[in-house]
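Have a look at the structure below, then the notes.
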Amino acid sequence: MADSDLTAIRRKALRRGRMSEYVAAVFLMLKGYRILALRHRTRLGEIDIVARKGDLAVFVEVKARRGEAAAVDAVSLAAQKRIRAASDLWLARQSDQARLSQRYDIVAITPGRLPRHFINAF
């Protein structure tokens, strides 16, 4: 495969990933969550979505796959550790950090279906 083919494949995957994050964010808003950040980057890693519902801070990993099980399985232990570390940095910057609870969710985006929200996934 030529380099230009790989670049095109990567670009398409990035576009699909970003679109999936937007779909997940809208889905969460419809469920009553307030979106605070999309693709929040820290020196320790990235969090796809940071949302809030009352005193609950929710850190969401979005995965677009052919099936829900594949999406959930795609969030490796290393990714979970990275997301937790990044969320600690995000929480440290919040003025109301002491009263916030935190949770780690996954939103699976699959073709032709509504997103599936896995609450407290890890």
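Lettering and numbering for the structure tokens are positional, with chains as A, B, ... in the shown order, residues counted from 1 in each chain, and ligands counted from 1 in the shown order.
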
Residues near A:Phe118, cut-off 7 Å, only C-alpha atoms, skip fewer than 4 positions along chain, as a PyMOL selection string:
chain A and resi 105-107

DSSP-assigned strand (DSSP E) among stretch 24-93 of chain A, expressed as a list in words:
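Secondary structure check on stretch 24-93 of chain A, strand (DSSP E): Arg34, Ile35, Leu36, Ala37, Leu38, Arg39, His40, Arg41, Thr42, Gly45, Glu46, Ile47, Asp48, Ile49, Val50, Ala51, Arg52, Lys53, Leu56, Ala57, Val58, Phe59, Val60, Glu61, Val62, Lys63 and Ala64 of chain A.
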
I need the residue nearest A:Leu77 from this list: A:Leu114, A:Ala121, A:Ala25, A:Ala2. Use only C-alpha atoms for the distance.
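That would be A:Ala121, the residue with the smallest distance to A:Leu77.
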
Residues within 10 Å of A:Gly67, please, as a compact mmCIF listing (two decimals) with C-alpha atoms, in the first residue's frame. Count only C-alpha atoms; anything in the same chain fewer than 6 positions from it doesn't count.
```txt
# COMPACT_ATOMS: atom_id res chain seq x y z
CA ALA A 108 -20.58 2.91 21.36
CA ILE A 109 -21.41 4.17 17.88
CA THR A 110 -22.47 1.40 15.50
CA PRO A 111 -23.72 1.68 11.91
CA ARG A 113 -28.24 2.16 15.22
```

What lies within 10 Å of A:Lys63 using only C-alpha atoms, ignoring chain neighbours under 6 positions off, as an MDAnalysis selection string?
chainID A and resid 17 20:21 24 48 70:75 106:110 115

If you run DSSP on this backbone, which residues of chain A come out as helix (DSSP H, G or I), and could you give them as a ChimeraX atom specification?
/A:3-30,68-73,77-92,97-99

Restrict the selected residues to C-alpha atoms and save them as a compact mmCIF listing (two decimals), in the first residue's frame.
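So selection17.txt came out as:
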```
# COMPACT_ATOMS: atom_id res chain seq x y z
CA ASP A 3 1.87 6.18 1.68
CA SER A 4 -0.85 8.29 0.08
CA ASP A 5 -3.34 5.41 0.52
CA LEU A 6 -2.42 5.10 4.21
CA THR A 7 -2.79 8.86 4.65
CA ALA A 8 -6.24 8.76 3.08
CA ILE A 9 -7.28 5.84 5.31
CA ARG A 10 -6.02 7.67 8.42
CA ARG A 11 -7.82 10.85 7.40
CA LYS A 12 -11.07 8.94 6.88
CA ALA A 13 -10.70 7.24 10.29
CA LEU A 14 -10.07 10.62 11.96
CA ARG A 15 -13.17 12.08 10.29
CA ARG A 16 -15.26 9.09 11.36
CA GLY A 17 -13.94 9.41 14.92
CA ARG A 18 -14.72 13.11 15.14
CA MET A 19 -18.19 12.62 13.73
CA SER A 20 -18.79 9.82 16.24
CA GLU A 21 -17.75 12.13 19.08
CA TYR A 22 -20.22 14.79 17.91
CA VAL A 23 -23.01 12.21 17.64
CA ALA A 24 -22.20 10.94 21.13
CA ALA A 25 -22.17 14.50 22.52
CA VAL A 26 -25.60 15.28 21.06
CA PHE A 27 -26.91 11.95 22.35
CA LEU A 28 -25.64 12.74 25.86
CA MET A 29 -27.14 16.25 25.73
CA LEU A 30 -30.51 14.71 24.87
CA GLU A 68 -21.23 -2.81 20.56
CA ALA A 69 -19.05 -5.54 22.06
CA ALA A 70 -16.15 -4.59 19.78
CA ALA A 71 -16.55 -0.95 20.81
CA VAL A 72 -16.44 -1.74 24.52
CA ASP A 73 -13.57 -4.19 24.08
CA LEU A 77 -6.69 -1.19 30.25
CA ALA A 78 -3.95 1.18 29.08
CA ALA A 79 -6.59 3.52 27.62
CA GLN A 80 -8.59 3.37 30.84
CA LYS A 81 -5.49 4.27 32.85
CA ARG A 82 -4.72 7.17 30.48
CA ILE A 83 -8.28 8.50 30.72
CA ARG A 84 -8.26 8.28 34.52
CA ALA A 85 -4.95 10.15 34.69
CA ALA A 86 -6.20 12.85 32.31
CA SER A 87 -9.44 13.15 34.30
CA ASP A 88 -7.45 13.73 37.51
CA LEU A 89 -5.77 16.72 35.82
CA TRP A 90 -9.14 18.04 34.62
CA LEU A 91 -10.67 17.66 38.09
CA ALA A 92 -7.72 19.43 39.74
CA GLN A 97 -13.73 19.71 42.70
CA ALA A 98 -14.41 18.69 46.30
CA ARG A 99 -18.13 18.16 45.72
```

What does the distance between atom CA of A:Gly32 and atom CA of A:Leu44 come to in Å, to one decimal place?
28.6 Å

Which neighbours of stretch 50-55 of chain A fall inside 8 Å, counting only C-alpha atoms, when residues of the same chain fewer than 5 positions from it are skipped, and could you give them as a list in words?
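The residues that qualify are Gly32, Tyr33, Arg34, Ile35, Leu36, Ala37, Leu38, His40, Val60, Arg99, Leu100 and Ser101 of chain A.
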
Counting only C-alpha atoms, the option among A:Lys31, A:Arg39, A:Arg103, A:Arg93 closest to A:Asn120:
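Smallest distance to A:Asn120 is found for A:Arg103.
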
Which distance in Å separates atom CA of A:Glu61 and atom CA of A:Arg116, to one decimal?
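For atom CA of A:Glu61 relative to atom CA of A:Arg116, the distance reads 11.9 Å.
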
Go ahead and compute the interatomic distance for atom CA of A:Ser95 and atom CA of A:Ile49, in Å to one decimal.
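Straight-line distance from atom CA of A:Ser95 to atom CA of A:Ile49 works out to 19.3 Å.
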